$ cat upload-v7.cif   # mmCIF, C-alpha atoms and all ligand atoms
data_coords
#
loop_
_atom_site.label_atom_id
_atom_site.label_comp_id
_atom_site.auth_asym_id
_atom_site.auth_seq_id
_atom_site.Cartn_x
_atom_site.Cartn_y
_atom_site.Cartn_z
CA MET A 17 25.51 -40.41 43.18
CA ALA A 18 25.75 -36.64 42.80
CA PRO A 19 28.80 -36.67 40.45
CA GLY A 20 27.00 -39.01 38.06
CA ARG A 21 24.06 -36.65 37.56
CA PRO A 22 25.46 -34.29 34.91
CA GLN A 23 26.65 -37.31 32.94
CA SER A 24 23.16 -38.78 32.83
CA LEU A 25 21.76 -35.40 31.76
CA VAL A 26 24.24 -35.24 28.87
CA SER A 27 23.43 -38.73 27.73
CA LYS A 28 19.69 -37.99 27.96
CA ALA A 29 20.14 -34.88 25.78
CA ALA A 30 22.20 -36.83 23.24
CA LEU A 31 19.55 -39.55 23.11
CA SER A 32 16.81 -36.94 22.51
CA ILE A 33 18.74 -35.39 19.63
CA LEU A 34 19.29 -38.83 18.07
CA PHE A 35 15.61 -39.64 18.52
CA ALA A 36 14.47 -36.35 16.94
CA GLY A 37 16.81 -36.95 14.01
CA PHE A 38 15.50 -40.48 13.62
CA LEU A 39 11.89 -39.22 13.59
CA SER A 40 12.46 -36.41 11.06
CA THR A 41 14.57 -38.44 8.58
CA PRO A 42 11.59 -40.14 6.88
CA PHE A 43 10.01 -36.71 6.26
CA PHE A 44 13.10 -35.38 4.51
CA LEU A 45 13.36 -38.59 2.46
CA LEU A 46 9.70 -38.44 1.44
CA ARG A 47 10.07 -34.78 0.51
CA GLU A 48 13.04 -35.57 -1.77
CA ILE A 49 11.17 -38.49 -3.41
CA PHE A 50 7.93 -36.61 -4.07
CA PHE A 51 9.33 -33.16 -4.75
CA PRO A 52 12.65 -33.42 -6.58
CA LYS A 53 14.84 -30.30 -6.70
CA GLY A 54 13.11 -27.21 -8.09
CA GLN A 55 9.70 -28.80 -7.57
CA GLN A 56 9.69 -28.52 -3.81
CA PRO A 57 6.78 -26.74 -2.21
CA PHE A 58 7.44 -23.61 -0.24
CA ASP A 59 9.66 -23.61 2.73
CA GLU A 60 7.55 -21.75 5.26
CA ARG A 61 10.67 -20.84 7.21
CA ARG A 62 11.81 -18.57 4.36
CA VAL A 63 10.07 -15.49 5.68
CA PRO A 64 10.75 -12.21 3.88
CA THR A 65 14.22 -10.88 4.41
CA TYR A 66 13.91 -7.45 5.94
CA PHE A 67 16.62 -4.96 5.07
CA PRO A 68 16.39 -2.38 7.84
CA THR A 69 19.12 -0.06 6.63
CA ALA A 70 18.87 -0.60 2.93
CA MET A 71 18.02 2.98 2.03
CA HIS A 72 21.45 4.39 1.83
CA THR A 73 22.11 6.30 -1.35
CA ASN A 74 20.67 8.93 -3.59
CA THR A 75 17.73 9.70 -1.39
CA THR A 76 18.37 13.31 -0.47
CA THR A 77 16.56 14.57 -3.54
CA LEU A 78 13.73 12.98 -5.43
CA PRO A 79 13.49 13.06 -9.23
CA PHE A 80 10.83 15.38 -10.64
CA GLY A 81 10.40 15.99 -14.35
CA PRO A 82 8.25 15.00 -17.31
CA ASP A 83 10.66 12.20 -18.21
CA ALA A 84 11.04 11.01 -14.62
CA PRO A 85 7.80 9.02 -14.17
CA TRP A 86 6.99 7.54 -10.76
CA LEU A 87 5.30 4.30 -9.82
CA ALA A 88 2.19 5.20 -7.78
CA PRO A 89 1.32 3.67 -4.43
CA LEU A 90 -0.77 0.59 -5.23
CA ALA A 91 -2.07 -1.42 -2.29
CA GLY A 92 -1.52 -5.09 -3.05
CA TYR A 93 0.85 -4.36 -5.94
CA SER A 94 3.64 -1.81 -5.44
CA ASP A 95 5.70 -4.29 -3.41
CA LEU A 96 9.46 -4.75 -3.66
CA PRO A 97 9.47 -7.14 -6.67
CA PHE A 98 7.04 -5.00 -8.71
CA ARG A 99 8.85 -1.77 -7.80
CA THR A 100 12.13 -3.37 -8.89
CA LEU A 101 10.57 -4.48 -12.18
CA CYS A 102 9.19 -0.99 -12.88
CA ARG A 103 12.55 0.58 -12.06
CA GLN A 104 14.16 -1.74 -14.63
CA TYR A 105 11.69 -0.34 -17.16
CA GLY A 106 12.45 3.26 -16.29
CA ALA A 107 10.46 4.25 -13.19
CA ALA A 108 12.47 7.12 -11.69
CA CYS A 109 10.96 6.76 -8.21
CA ALA A 110 8.49 4.42 -6.51
CA VAL A 111 6.03 4.65 -3.65
CA THR A 112 5.29 1.73 -1.33
CA GLU A 113 1.84 0.33 -0.76
CA MET A 114 0.05 2.38 1.91
CA VAL A 115 1.33 1.51 5.37
CA SER A 116 -0.83 1.92 8.45
CA VAL A 117 0.86 4.09 11.08
CA LYS A 118 -1.02 2.15 13.74
CA GLY A 119 0.32 -1.09 12.28
CA LEU A 120 3.80 0.39 12.50
CA VAL A 121 3.50 1.50 16.08
CA TYR A 122 1.71 -1.55 17.42
CA GLY A 123 3.65 -4.05 15.28
CA GLY A 124 2.47 -6.77 12.96
CA PHE A 125 3.95 -9.07 10.34
CA GLY A 126 1.81 -7.51 7.59
CA THR A 127 3.32 -4.08 8.16
CA GLU A 128 6.88 -5.42 8.10
CA ARG A 129 6.25 -7.00 4.71
CA LEU A 130 5.10 -3.65 3.29
CA LEU A 131 8.41 -2.12 4.34
CA LEU A 132 10.51 -4.79 2.66
CA THR A 133 13.19 -3.08 0.58
CA ALA A 134 16.64 -3.72 -0.87
CA GLY A 135 19.67 -1.71 -1.99
CA PRO A 136 18.62 -0.85 -5.56
CA ASP A 137 15.05 -0.01 -4.46
CA THR A 138 15.81 3.68 -4.34
CA PRO A 139 14.68 6.45 -4.38
CA LEU A 140 11.74 5.17 -2.37
CA VAL A 141 8.84 6.99 -0.76
CA VAL A 142 6.97 5.30 2.09
CA GLN A 143 3.27 6.05 1.97
CA LEU A 144 1.49 6.29 5.32
CA PHE A 145 -2.15 6.34 6.29
CA GLY A 146 -3.89 7.01 9.57
CA ALA A 147 -5.85 9.83 11.16
CA GLU A 148 -4.14 10.44 14.51
CA PRO A 149 -1.22 12.88 14.66
CA GLU A 150 0.02 11.28 17.94
CA ILE A 151 0.45 7.96 16.15
CA TYR A 152 2.47 9.64 13.38
CA GLU A 153 4.62 11.20 16.08
CA ARG A 154 5.49 7.72 17.28
CA ALA A 155 5.68 6.08 13.84
CA MET A 156 8.03 8.57 12.16
CA PRO A 157 11.08 7.96 14.38
CA LEU A 158 10.67 4.20 13.82
CA LEU A 159 10.85 4.72 10.06
CA LEU A 160 13.69 7.23 10.21
CA GLU A 161 15.70 4.87 12.43
CA ARG A 162 15.36 2.23 9.77
CA GLY A 163 16.85 4.55 7.17
CA PHE A 164 13.73 5.63 5.28
CA THR A 165 14.00 9.24 4.22
CA HIS A 166 10.92 10.28 2.23
CA PHE A 167 7.26 9.90 3.13
CA ASP A 168 3.88 10.47 1.57
CA LEU A 169 0.60 11.05 3.34
CA ASN A 170 -2.31 9.19 1.83
CA ALA A 171 -5.11 11.74 1.60
CA GLY A 172 -6.49 10.35 -1.65
CA CYS A 173 -7.59 6.79 -1.04
CA SER A 174 -11.38 6.41 -1.08
CA VAL A 175 -11.63 2.79 -0.01
CA ARG A 176 -14.49 2.49 2.49
CA LYS A 177 -12.40 0.64 5.05
CA VAL A 178 -9.76 3.38 5.01
CA ASN A 179 -12.24 6.28 5.00
CA LYS A 180 -14.23 4.78 7.88
CA SER A 181 -11.29 5.33 10.20
CA GLY A 182 -11.04 8.96 9.05
CA SER A 183 -7.93 8.18 6.95
CA GLY A 184 -7.19 8.53 3.24
CA SER A 185 -9.40 10.94 1.34
CA ALA A 186 -11.59 11.43 4.45
CA LEU A 187 -8.77 13.73 5.62
CA MET A 188 -9.74 16.16 2.86
CA SER A 189 -12.94 16.89 4.80
CA ARG A 190 -10.92 17.68 7.96
CA PRO A 191 -8.22 20.03 6.63
CA ALA A 192 -7.02 21.11 10.09
CA LEU A 193 -6.34 17.49 11.01
CA LEU A 194 -4.63 16.82 7.68
CA LEU A 195 -2.36 19.81 8.21
CA LYS A 196 -1.58 18.75 11.78
CA ILE A 197 -0.52 15.31 10.54
CA VAL A 198 1.72 16.80 7.86
CA GLU A 199 3.21 19.21 10.38
CA THR A 200 4.07 16.22 12.58
CA MET A 201 5.61 14.34 9.67
CA VAL A 202 7.66 17.33 8.50
CA LYS A 203 8.85 18.01 12.04
CA ALA A 204 10.24 14.47 12.18
CA ALA A 205 11.57 14.03 8.63
CA GLY A 206 12.53 17.59 7.78
CA PRO A 207 11.22 20.05 5.18
CA GLY A 208 11.03 18.74 1.64
CA ARG A 209 10.90 15.10 2.78
CA VAL A 210 7.12 14.76 2.93
CA GLY A 211 4.59 14.69 0.11
CA VAL A 212 0.81 14.51 0.15
CA LYS A 213 -1.39 12.61 -2.28
CA MET A 214 -4.76 14.31 -2.49
CA ARG A 215 -8.00 14.46 -4.37
CA LEU A 216 -9.90 17.60 -5.39
CA GLY A 217 -11.85 17.54 -2.14
CA PHE A 218 -14.18 15.22 -0.33
CA THR A 219 -17.39 16.10 -2.18
CA PRO A 220 -17.97 18.12 -5.36
CA GLY A 221 -19.18 21.14 -3.36
CA GLU A 222 -16.07 21.18 -1.16
CA GLU A 223 -13.11 21.23 -3.49
CA ASN A 224 -10.33 22.47 -1.23
CA PHE A 225 -7.23 21.18 -3.03
CA LEU A 226 -5.94 24.66 -3.88
CA ASP A 227 -6.21 26.03 -0.34
CA LEU A 228 -4.79 22.85 1.08
CA GLY A 229 -1.97 22.82 -1.47
CA ARG A 230 -0.86 26.34 -0.46
CA ALA A 231 -1.08 25.52 3.25
CA LEU A 232 0.89 22.30 2.76
CA GLU A 233 3.63 24.14 0.93
CA ASP A 234 3.83 26.60 3.82
CA LEU A 235 4.22 23.70 6.23
CA GLY A 236 7.25 22.36 4.34
CA ALA A 237 5.73 19.68 2.13
CA GLY A 238 8.21 18.85 -0.63
CA TRP A 239 5.75 17.85 -3.36
CA LEU A 240 2.05 17.23 -3.96
CA THR A 241 0.29 14.57 -5.99
CA LEU A 242 -3.22 15.20 -7.26
CA HIS A 243 -5.72 12.59 -8.41
CA PRO A 244 -8.22 15.10 -9.79
CA ARG A 245 -11.52 13.58 -8.74
CA THR A 246 -13.43 14.12 -5.52
CA ALA A 247 -13.38 11.38 -2.91
CA LYS A 248 -17.10 10.77 -3.44
CA GLN A 249 -16.46 10.23 -7.14
CA LEU A 250 -14.22 7.24 -6.39
CA PHE A 251 -12.99 6.40 -9.91
CA GLY A 252 -16.12 7.55 -11.76
CA GLY A 253 -16.14 10.05 -14.60
CA GLN A 254 -12.89 11.40 -15.96
CA ALA A 255 -9.85 12.73 -14.14
CA ARG A 256 -9.83 16.56 -14.50
CA TRP A 257 -6.24 17.10 -15.59
CA GLU A 258 -6.86 20.88 -15.87
CA ALA A 259 -7.19 20.96 -12.07
CA ILE A 260 -3.66 19.56 -11.81
CA GLY A 261 -2.55 22.59 -13.82
CA GLU A 262 -4.41 24.91 -11.42
CA LEU A 263 -2.58 23.38 -8.47
CA ALA A 264 0.77 23.55 -10.26
CA GLN A 265 0.13 27.28 -10.81
CA ALA A 266 -0.91 27.85 -7.20
CA VAL A 267 2.12 26.31 -5.48
CA GLY A 268 5.88 26.44 -5.86
CA VAL A 269 6.56 22.79 -5.04
CA PRO A 270 6.49 20.07 -7.73
CA VAL A 271 3.03 18.70 -8.50
CA LEU A 272 2.67 15.13 -9.76
CA ALA A 273 -0.32 13.99 -11.79
CA SER A 274 -2.28 10.83 -11.13
CA GLY A 275 -5.49 9.65 -12.76
CA ASP A 276 -6.43 7.96 -16.03
CA LEU A 277 -2.82 7.61 -17.16
CA PHE A 278 -3.25 4.30 -18.94
CA THR A 279 -0.75 4.80 -21.74
CA ALA A 280 2.40 6.83 -22.32
CA GLU A 281 0.40 9.00 -24.70
CA ASP A 282 -2.14 9.73 -21.93
CA ALA A 283 0.70 10.86 -19.70
CA ALA A 284 2.21 13.06 -22.42
CA ARG A 285 -1.20 14.71 -22.95
CA CYS A 286 -1.70 15.20 -19.22
CA LEU A 287 1.74 16.83 -18.93
CA SER A 288 0.92 19.15 -21.78
CA VAL A 289 -2.59 20.01 -20.50
CA SER A 290 -1.49 20.61 -16.91
CA GLY A 291 2.12 21.74 -17.18
CA CYS A 292 2.78 19.77 -13.99
CA ALA A 293 6.18 18.51 -12.86
CA GLY A 294 5.66 14.84 -13.62
CA VAL A 295 3.35 11.85 -13.61
CA MET A 296 2.65 8.80 -11.53
CA PHE A 297 1.58 5.60 -13.29
CA ALA A 298 -0.86 3.37 -11.41
CA ARG A 299 -3.25 1.07 -13.31
CA GLY A 300 -1.30 1.78 -16.51
CA ALA A 301 1.79 0.13 -14.98
CA LEU A 302 -0.18 -2.93 -13.89
CA THR A 303 -0.99 -3.89 -17.48
CA ASP A 304 2.21 -2.52 -18.97
CA PRO A 305 5.25 -2.13 -16.72
CA MET A 306 7.17 -0.88 -19.77
CA ILE A 307 4.99 2.26 -19.71
CA PHE A 308 7.80 4.22 -18.00
CA GLN A 309 10.23 3.68 -20.88
CA ARG A 310 7.45 4.33 -23.38
CA LEU A 311 6.82 7.78 -21.89
CA LYS A 312 10.49 8.65 -22.17
CA ASP A 313 10.40 7.53 -25.82
CA VAL A 314 7.24 9.51 -26.59
CA LEU A 315 8.64 12.68 -24.99
CA ALA A 316 11.92 12.29 -26.86
CA GLY A 317 10.03 11.92 -30.14
CA ARG A 318 11.18 8.31 -30.49
CA GLU A 319 8.85 5.56 -31.62
CA SER A 320 8.07 3.49 -28.59
CA ALA A 321 8.26 -0.29 -28.84
CA PRO A 322 4.81 -1.88 -29.30
CA ARG A 323 3.15 -3.76 -26.42
CA THR A 324 3.66 -7.25 -27.84
CA ALA A 325 2.87 -10.64 -26.33
CA GLU A 326 6.58 -11.47 -26.37
CA SER A 327 7.59 -8.33 -24.45
CA LEU A 328 4.83 -8.92 -21.89
CA ALA A 329 5.90 -12.54 -21.42
CA GLU A 330 9.42 -11.26 -20.81
CA ALA A 331 8.11 -8.78 -18.22
CA ALA A 332 6.10 -11.56 -16.52
CA LEU A 333 9.14 -13.87 -16.41
CA THR A 334 11.33 -11.11 -14.98
CA HIS A 335 8.64 -10.36 -12.38
CA ILE A 336 8.61 -14.04 -11.35
CA ARG A 337 12.40 -14.12 -11.08
CA LEU A 338 12.46 -10.92 -8.99
CA CYS A 339 9.80 -12.30 -6.70
CA GLN A 340 11.77 -15.53 -6.24
CA GLU A 341 14.86 -13.50 -5.36
CA LEU A 342 13.30 -10.79 -3.22
CA ASP A 343 10.19 -12.21 -1.59
CA PRO A 344 9.89 -15.96 -2.12
CA THR A 345 7.06 -16.45 0.35
CA PRO A 346 3.82 -18.39 -0.21
CA ARG A 347 1.90 -15.13 0.12
CA ALA A 348 3.97 -13.45 -2.59
CA PHE A 349 3.64 -16.53 -4.81
CA ARG A 350 -0.15 -16.49 -4.54
CA ALA A 351 -0.31 -12.72 -5.15
CA LEU A 352 1.89 -13.01 -8.24
CA ARG A 353 -0.16 -15.93 -9.57
CA ALA A 354 -3.24 -13.69 -9.46
CA PHE A 355 -1.32 -10.69 -10.85
CA LEU A 356 0.16 -12.30 -13.98
CA PRO A 357 -3.04 -12.34 -16.10
CA ARG A 358 -2.88 -8.50 -16.08
CA TYR A 359 0.11 -8.74 -18.40
CA ALA A 360 -2.09 -10.62 -20.88
CA LYS A 361 -4.79 -7.93 -20.91
CA GLY A 362 -5.59 -6.99 -24.48
CA PHE A 363 -4.83 -10.51 -25.71
CA THR A 364 -7.13 -13.45 -26.36
CA GLY A 365 -7.23 -16.49 -24.08
CA ILE A 366 -6.73 -14.53 -20.87
CA ARG A 367 -9.46 -16.50 -19.06
CA ALA A 368 -7.86 -19.87 -19.87
CA LEU A 369 -4.49 -18.47 -18.84
CA ARG A 370 -5.91 -17.28 -15.51
CA GLN A 371 -7.37 -20.72 -14.82
CA ALA A 372 -4.13 -22.44 -15.75
CA LEU A 373 -2.07 -20.08 -13.58
CA ILE A 374 -4.27 -20.68 -10.57
CA THR A 375 -3.38 -24.38 -10.63
CA CYS A 376 0.38 -23.71 -10.58
CA ARG A 377 1.86 -25.03 -7.35
CA ASN A 378 5.47 -23.92 -7.56
CA TRP A 379 7.78 -21.42 -9.24
CA ASP A 380 8.76 -23.81 -12.06
CA GLU A 381 5.15 -24.37 -13.06
CA LEU A 382 4.43 -20.63 -12.82
CA THR A 383 7.42 -19.81 -15.02
CA ALA A 384 6.40 -22.39 -17.64
CA MET A 385 2.83 -21.09 -17.69
CA ALA A 386 3.85 -17.40 -17.88
CA ALA A 387 6.01 -18.21 -20.91
CA HIS A 388 2.75 -19.01 -22.76
CA ILE A 389 1.85 -15.29 -22.73
CA ALA A 390 4.33 -14.90 -25.61
CA HIS A 391 2.03 -16.94 -27.87
CA LEU A 392 -1.25 -15.13 -27.21
CA ALA A 393 -2.92 -13.30 -30.08
CA ALA A 394 -3.84 -9.62 -29.76
CA ASP A 395 -7.50 -8.84 -29.03
CA ALA A 396 -9.19 -6.03 -30.91
CA ALA A 397 -11.18 -4.85 -27.85
CA PRO A 398 -9.64 -2.01 -25.84
CA ILE A 399 -8.30 -2.78 -22.36
CA ASP A 400 -10.82 -2.20 -19.57
CA HIS A 401 -8.95 -0.67 -16.62
CA ALA A 402 -12.07 -0.39 -14.46
CA ASP A 403 -12.00 -4.04 -13.38
CA MET A 404 -8.81 -3.39 -11.42
CA LEU A 405 -10.78 -1.30 -8.99
CA GLN A 406 -12.26 -4.28 -7.17
CA ASP A 407 -8.74 -4.88 -5.91
CA CYS A 408 -8.56 -1.57 -4.10
CA GLY A 409 -12.12 -1.81 -2.79
CA ALA A 410 -13.35 1.22 -4.75
C1 LIG B 501 -5.38 -1.53 -7.02
C2 LIG B 501 -5.14 -0.11 -6.59
C3 LIG B 501 -4.50 0.16 -5.39
C4 LIG B 501 -4.28 1.48 -4.97
N1 LIG B 501 -3.63 1.74 -3.80
C5 LIG B 501 -3.37 3.01 -3.42
C6 LIG B 501 -2.63 3.29 -2.24
O1 LIG B 501 -2.20 2.39 -1.52
N2 LIG B 501 -2.43 4.60 -1.92
C7 LIG B 501 -2.88 5.64 -2.70
O2 LIG B 501 -2.66 6.81 -2.38
N3 LIG B 501 -3.55 5.38 -3.84
C8 LIG B 501 -3.79 4.10 -4.21
N4 LIG B 501 -4.42 3.86 -5.40
C9 LIG B 501 -4.72 4.99 -6.29
C10 LIG B 501 -3.61 5.14 -7.35
O3 LIG B 501 -2.36 5.41 -6.77
C11 LIG B 501 -3.95 6.23 -8.38
O4 LIG B 501 -4.00 7.47 -7.74
C12 LIG B 501 -5.29 5.96 -9.05
O5 LIG B 501 -5.38 4.62 -9.48
C13 LIG B 501 -5.49 6.88 -10.26
O6 LIG B 501 -4.55 6.62 -11.24
P1 LIG B 501 -4.90 5.74 -12.58
O7 LIG B 501 -6.29 6.17 -13.02
O8 LIG B 501 -3.84 6.13 -13.57
O9 LIG B 501 -4.90 4.32 -12.18
C14 LIG B 501 -4.70 2.56 -5.79
C15 LIG B 501 -5.35 2.27 -7.00
C16 LIG B 501 -5.57 0.97 -7.41
C17 LIG B 501 -6.24 0.71 -8.73
#
$ encode --input "upload-v7.cif" --output "structure tokens" --more "lines below"
Ligand SMILES: Cc1cc2nc3c(=O)[nH]c(=O)nc-3n(C[C@H](O)[C@H](O)[C@H](O)COP(=O)(O)O)c2cc1C
Amino acid sequence: MAPGRPQSLVSKAALSILFAGFLSTPFFLLREIFFPKGQQPFDERRVPTYFPTAMHTNTTTLPFGPDAPWLAPLAGYSDLPFRTLCRQYGAACAVTEMVSVKGLVYGGFGTERLLLTAGPDTPLVVQLFGAEPEIYERAMPLLLERGFTHFDLNAGCSVRKVNKSGSGSALMSRPALLLKIVETMVKAAGPGRVGVKMRLGFTPGEENFLDLGRALEDLGAGWLTLHPRTAKQLFGGQARWEAIGELAQAVGVPVLASGDLFTAEDAARCLSVSGCAGVMFARGALTDPMIFQRLKDVLAGRESAPRTAESLAEAALTHIRLCQELDPTPRAFRALRAFLPRYAKGFTGIRALRQALITCRNWDELTAMAAHIAHLAADAAPIDHADMLQDCGA
């Protein structure tokens, strides 16, 4: 009987495969009948493609200059498709969404998604947040191994959840800890490879950005970004662009400006007021990804193309296509569906568009709906950028 055993095992396995095939066939047939090609719902198995060694060229030096605008770190927004879109419209460099160093060290699908990148997504800066130097010590080699070359420390984010853990702008109130973290990062990545995004200080009475700036330069930081408000101010009042100029005078490394840069003209004024090395567009890019090219036009004395419904529809359609190519996951689809109404800001019918977008179930429907942006009429009311702050918890 013994020699017959393997044979019966083989036939059992073959029967199981046939049975499984028989069971799954009706599902495939039903799927084809109800969701013809192009209309099929998401394939959950298409998880984001991770490109571990995609950062290969042109990353030894970062671009700094008035006509080399950056895309700011934007949690929930500055993902691979949006970065790629902004680069197509002239962003010279882009920063990832903030990445938790703890998430990196202890693993997690969410963190992997934030590090999604591709060949043309360069130069790229990975923004990190966390408050424990030991964790940075462990996180940095993981990032360097994967080919990332430039890093930014988030010392500017005032979201309660981030500050509660001592991270983000809370680091401004513990300068020794902030410096220790940067020292750790520079030790791993090398001098010039680490930047710090700061605020003026934690509270109005403790504005330490100048002292910190000098100390960070001494530690080997390659650039500094200043959002000139205190952490306590969140996004209230006006960004004090003059303070960016004070920092630019105090240090020898490039200083980038962030804060209230909603149009290309704002950025040109900020550059002229502060004399800083360059600007970072944040909320301005969310309503107008063409803002990068506009700044280049303004600085060159060229008339910049108007922000028309047609050009915004084109940007929205390109964004959808890039998302389909680079991150075609259900999560990315839902995020983009909620993002698209931003392109219609300043036009009438945005509420109806938002409602219609939310009912879109697949890429074809989303594409058809986004095309409607081209037909919206301009609204006389100015764009309110404050409502974007709910998204970052401020
Ligand atoms: C939705 C949203 C998400 C943000 N996420 C981050 C972030 O991940 N890291 C960071 O340093 N700053 C973050 N910021 C701050 C921006 O990078 C920028 O410094 C700030 O919005 C000021 O620029 P603006 O007034 O031109 O928008 C975020 C801001 C917004 C509105």
$ residues_near_ligand --input "upload-v7.cif" --ligand "ligand LIG 501 (chain B)" --cutoff "8 Å" --atoms "all atoms listed in the file" --output "JSON list (two decimals) with C-alpha atoms, keeping the file's coordinate frame"
[["chain", "number", "residue", "atom", "x", "y", "z"],
["A", 88, "ALA", "CA", 2.19, 5.20, -7.78],
["A", 89, "PRO", "CA", 1.32, 3.67, -4.43],
["A", 90, "LEU", "CA", -0.77, 0.59, -5.23],
["A", 91, "ALA", "CA", -2.07, -1.42, -2.29],
["A", 92, "GLY", "CA", -1.52, -5.09, -3.05],
["A", 93, "TYR", "CA", 0.85, -4.36, -5.94],
["A", 112, "THR", "CA", 5.29, 1.73, -1.33],
["A", 113, "GLU", "CA", 1.84, 0.33, -0.76],
["A", 114, "MET", "CA", 0.05, 2.38, 1.91],
["A", 115, "VAL", "CA", 1.33, 1.51, 5.37],
["A", 143, "GLN", "CA", 3.27, 6.05, 1.97],
["A", 169, "LEU", "CA", 0.60, 11.05, 3.34],
["A", 170, "ASN", "CA", -2.31, 9.19, 1.83],
["A", 171, "ALA", "CA", -5.11, 11.74, 1.60],
["A", 172, "GLY", "CA", -6.49, 10.35, -1.65],
["A", 173, "CYS", "CA", -7.59, 6.79, -1.04],
["A", 184, "GLY", "CA", -7.19, 8.53, 3.24],
["A", 213, "LYS", "CA", -1.39, 12.61, -2.28],
["A", 214, "MET", "CA", -4.76, 14.31, -2.49],
["A", 242, "LEU", "CA", -3.22, 15.20, -7.26],
["A", 243, "HIS", "CA", -5.72, 12.59, -8.41],
["A", 251, "PHE", "CA", -12.99, 6.40, -9.91],
["A", 255, "ALA", "CA", -9.85, 12.73, -14.14],
["A", 274, "SER", "CA", -2.28, 10.83, -11.13],
["A", 275, "GLY", "CA", -5.49, 9.65, -12.76],
["A", 276, "ASP", "CA", -6.43, 7.96, -16.03],
["A", 277, "LEU", "CA", -2.82, 7.61, -17.16],
["A", 278, "PHE", "CA", -3.25, 4.30, -18.94],
["A", 296, "MET", "CA", 2.65, 8.80, -11.53],
["A", 297, "PHE", "CA", 1.58, 5.60, -13.29],
["A", 298, "ALA", "CA", -0.86, 3.37, -11.41],
["A", 299, "ARG", "CA", -3.25, 1.07, -13.31],
["A", 300, "GLY", "CA", -1.30, 1.78, -16.51],
["A", 401, "HIS", "CA", -8.95, -0.67, -16.62],
["A", 404, "MET", "CA", -8.81, -3.39, -11.42],
["A", 405, "LEU", "CA", -10.78, -1.30, -8.99],
["A", 406, "GLN", "CA", -12.26, -4.28, -7.17],
["A", 407, "ASP", "CA", -8.74, -4.88, -5.91],
["A", 408, "CYS", "CA", -8.56, -1.57, -4.10],
["A", 409, "GLY", "CA", -12.12, -1.81, -2.79]]
$ residues_near_point --input "upload-v7.cif" --point "(2.7, 10.3, -14.9)" --cutoff "9 Å" --atoms "all atoms listed in the file" --output "PyMOL selection string"
chain A and resi 82-88+272-275+277+280+282-284+286-287+294-298+308+311
$ atom_distance --input "upload-v7.cif" --atom1 "CA of Arg190 in chain A" --atom2 "CA of Ala264 in chain A"
22.4 Å
$ closest_residue --input "upload-v7.cif" --among "A:Phe355, A:Phe164, A:Phe98, A:Phe218" --to "Leu338 in chain A" --atoms "only C-alpha atoms"
A:Phe98
$ closest_residue --input "upload-v7.cif" --among "A:Cys376, A:Ala107, A:Ile197, A:Leu328" --to "Ile151 in chain A" --atoms "all atoms listed in the file"
A:Ile197
$ residues_around --input "upload-v7.cif" --residues "Leu193 in chain A" --least-positions-apart "4" --cutoff "9 Å" --atoms "only C-alpha atoms" --output "short mmCIF file (atom, residue, chain, number, x, y, z; two decimals) with C-alpha atoms, in the coordinates of the input"
data_model
loop_
_atom_site.label_atom_id
_atom_site.label_comp_id
_atom_site.auth_asym_id
_atom_site.auth_seq_id
_atom_site.Cartn_x
_atom_site.Cartn_y
_atom_site.Cartn_z
CA ALA A 147 -5.85 9.83 11.16
CA GLU A 148 -4.14 10.44 14.51
CA PRO A 149 -1.22 12.88 14.66
CA LEU A 187 -8.77 13.73 5.62
CA MET A 188 -9.74 16.16 2.86
CA ILE A 197 -0.52 15.31 10.54
CA VAL A 198 1.72 16.80 7.86
#
$ closest_residue --input "upload-v7.cif" --among "A:Ala247, A:Met306, A:Ala387, A:Val121" --to "Thr219 in chain A" --atoms "all atoms listed in the file"
A:Ala247
$ residues_around --input "upload-v7.cif" --residues "range 221-231 of chain A" --least-positions-apart "4" --cutoff "7 Å" --atoms "only C-alpha atoms" --output "list in words"
Arg215, Leu216, Gly217, Leu235, Leu263, Ala266 and Val267 of chain A
$ atom_distance --input "upload-v7.cif" --atom1 "CA of Gly124 in chain A" --atom2 "CA of Glu150 in chain A"
18.9 Å
$ closest_residue --input "upload-v7.cif" --among "A:Leu101, A:Met201, A:Leu140, A:Leu96" --to "Leu78 in chain A" --atoms "all atoms listed in the file"
A:Leu140
$ closest_residue --input "upload-v7.cif" --among "A:Leu373, A:Ala204, A:Leu130, A:Ala384" --to "Met156 in chain A" --atoms "all atoms listed in the file"
A:Ala204
$ decode --input "upload-v7.cif" --residues "range 265-276 of chain A" --atoms "C-alpha atoms" --output "short mmCIF file (atom, residue, chain, number, x, y, z; two decimals), in the first residue's frame"
data_model
loop_
_atom_site.label_atom_id
_atom_site.label_comp_id
_atom_site.auth_asym_id
_atom_site.auth_seq_id
_atom_site.Cartn_x
_atom_site.Cartn_y
_atom_site.Cartn_z
CA GLN A 265 21.12 87.38 7.72
CA ALA A 266 22.10 85.39 10.79
CA VAL A 267 23.14 82.15 9.08
CA GLY A 268 25.22 81.16 6.09
CA VAL A 269 23.05 78.25 4.94
CA PRO A 270 20.08 78.75 2.59
CA VAL A 271 16.86 79.80 4.30
CA LEU A 272 13.52 78.86 2.74
CA ALA A 273 10.34 80.81 3.43
CA SER A 274 7.02 79.25 4.33
CA GLY A 275 3.81 80.96 5.41
CA ASP A 276 0.97 82.77 3.66
#
